[in-house]
Structure formats: C-alpha cells, structure tokens
Amino acid sequence: MTTFSEKIKQLRISNKMSLEQLSVEFLKRYGAKISKSSISRWENGQAKPDIDDASLYADLFKVSLDSLIDRQPSEKIETIAAHIDEDVTEEEMEEIRRYIEFIKTKRK
C-alpha cells in the first residue's frame, strides 16, 4: 500500500514540480503560504498537513482527498472510458494523462 507521503511526493514529481514551485503554486492559486520545508516534511513522513492543506493538495493535482488518504467510498463506483471525444481540450487531455500517471503510482 502506498502511503500518503509517497503519494503526494509522486504527484509533485510526476507533474515535474520542485518543492519551491509547489510552494509558489499554493500561494498563487489559493493564497496559502505553505513553505517548501513543510511540503518536504509531509513527503518524508515527518509531519502531516492539516485537513485544509491536504484538501488544497488534492485540488491542485485534481485528485480526491479520499484517494490520497486511502479512504474507500461507502459504495463502489466503477467508471470505464470507452473513448475520448475529438473535442477534448489540451488541458483536459493533460488532466487525463496526470490521472493515468497517478493511477500507475498506486501499483508501486
């Protein structure tokens, strides 16, 4: 099972972000002052973010907070994509790629 700290580190790395870039992104998008040293402690399992910061992390990387903390929803929902429409935007395709990478990290 992948730990919370491993998941958040993998999300940052798979999105090619340094600790500094991630810290700046939190401030820019959410006005949240989260230091790179705090993020590093989270990623190394030395500390855990509060629920608000963890929610921002999930929102920034477009994943559910439940998936970050390995919480299973009360009822299982299964979705299978048959194809991707031609009118999908580049941003939507990038989000799909990030999600695929996140799912792959859960195997390790």
# chains A, B, ... in the order shown; residues from 1 in each chain; ligands from 1
>>> residues_around(residues="Leu11 of chain A", least_positions_apart="5", cutoff="12 Å", atoms="only C-alpha atoms", output="PyMOL selection string")
chain A and resi 4-6+16-19+22+43+57-63+67-68+98-106
>>> write_last_selection(atoms="C-alpha atoms", output="PDB file, in the first residue's frame")
ATOM      1  CA  PHE A   4       0.079   9.422   1.932  1.00  0.00           C
ATOM      2  CA  SER A   5       3.615  10.837   1.926  1.00  0.00           C
ATOM      3  CA  GLU A   6       4.629   8.683  -1.043  1.00  0.00           C
ATOM      4  CA  LYS A  16       7.611  17.994 -12.780  1.00  0.00           C
ATOM      5  CA  MET A  17       7.424  20.456  -9.900  1.00  0.00           C
ATOM      6  CA  SER A  18      10.138  21.313  -7.405  1.00  0.00           C
ATOM      7  CA  LEU A  19       9.293  21.945  -3.760  1.00  0.00           C
ATOM      8  CA  LEU A  22       4.796  23.797  -5.484  1.00  0.00           C
ATOM      9  CA  GLU A  43       6.650  13.967   1.747  1.00  0.00           C
ATOM     10  CA  TYR A  57      -3.055  19.460  -2.380  1.00  0.00           C
ATOM     11  CA  ALA A  58      -5.827  17.216  -3.719  1.00  0.00           C
ATOM     12  CA  ASP A  59      -7.475  20.123  -5.532  1.00  0.00           C
ATOM     13  CA  LEU A  60      -4.223  21.322  -7.097  1.00  0.00           C
ATOM     14  CA  PHE A  61      -3.459  17.897  -8.555  1.00  0.00           C
ATOM     15  CA  LYS A  62      -7.095  17.112  -9.413  1.00  0.00           C
ATOM     16  CA  VAL A  63      -7.358  14.000  -7.242  1.00  0.00           C
ATOM     17  CA  SER A  67      -7.566   8.701  -2.756  1.00  0.00           C
ATOM     18  CA  LEU A  68      -4.681  10.475  -1.025  1.00  0.00           C
ATOM     19  CA  ARG A  98      -1.988  13.146 -14.945  1.00  0.00           C
ATOM     20  CA  TYR A  99      -4.762  10.912 -13.676  1.00  0.00           C
ATOM     21  CA  ILE A 100      -3.344   7.908 -15.547  1.00  0.00           C
ATOM     22  CA  GLU A 101       0.079   8.592 -14.031  1.00  0.00           C
ATOM     23  CA  PHE A 102      -1.475   8.854 -10.572  1.00  0.00           C
ATOM     24  CA  ILE A 103      -3.245   5.516 -11.020  1.00  0.00           C
ATOM     25  CA  LYS A 104       0.030   3.929 -12.131  1.00  0.00           C
ATOM     26  CA  THR A 105       1.758   5.172  -8.958  1.00  0.00           C
ATOM     27  CA  LYS A 106      -0.717   3.197  -6.883  1.00  0.00           C
TER      28      LYS A 106
END
>>> atom_distance(atom1="atom CA of Glu25 of chain A", atom2="atom CA of Trp42 of chain A")
16.5 Å
>>> atom_distance(atom1="atom CA of Asp52 of chain A", atom2="atom CA of Met93 of chain A")
27.7 Å
>>> select_by_dssp(residues="chain A", states="alpha helix (DSSP H)", output="MDAnalysis selection string")
chainID A and resid 4:14 19:30 36:43 51:60 65:68 90:105
>>> closest_residue(among="A:Ile13, A:Ile34, A:Ile96, A:Ile84", to="Leu56 of chain A", atoms="only C-alpha atoms")
A:Ile34
>>> closest_residue(among="A:Thr2, A:Ser38, A:Ile8, A:Leu65", to="Ile51 of chain A", atoms="only C-alpha atoms")
A:Leu65
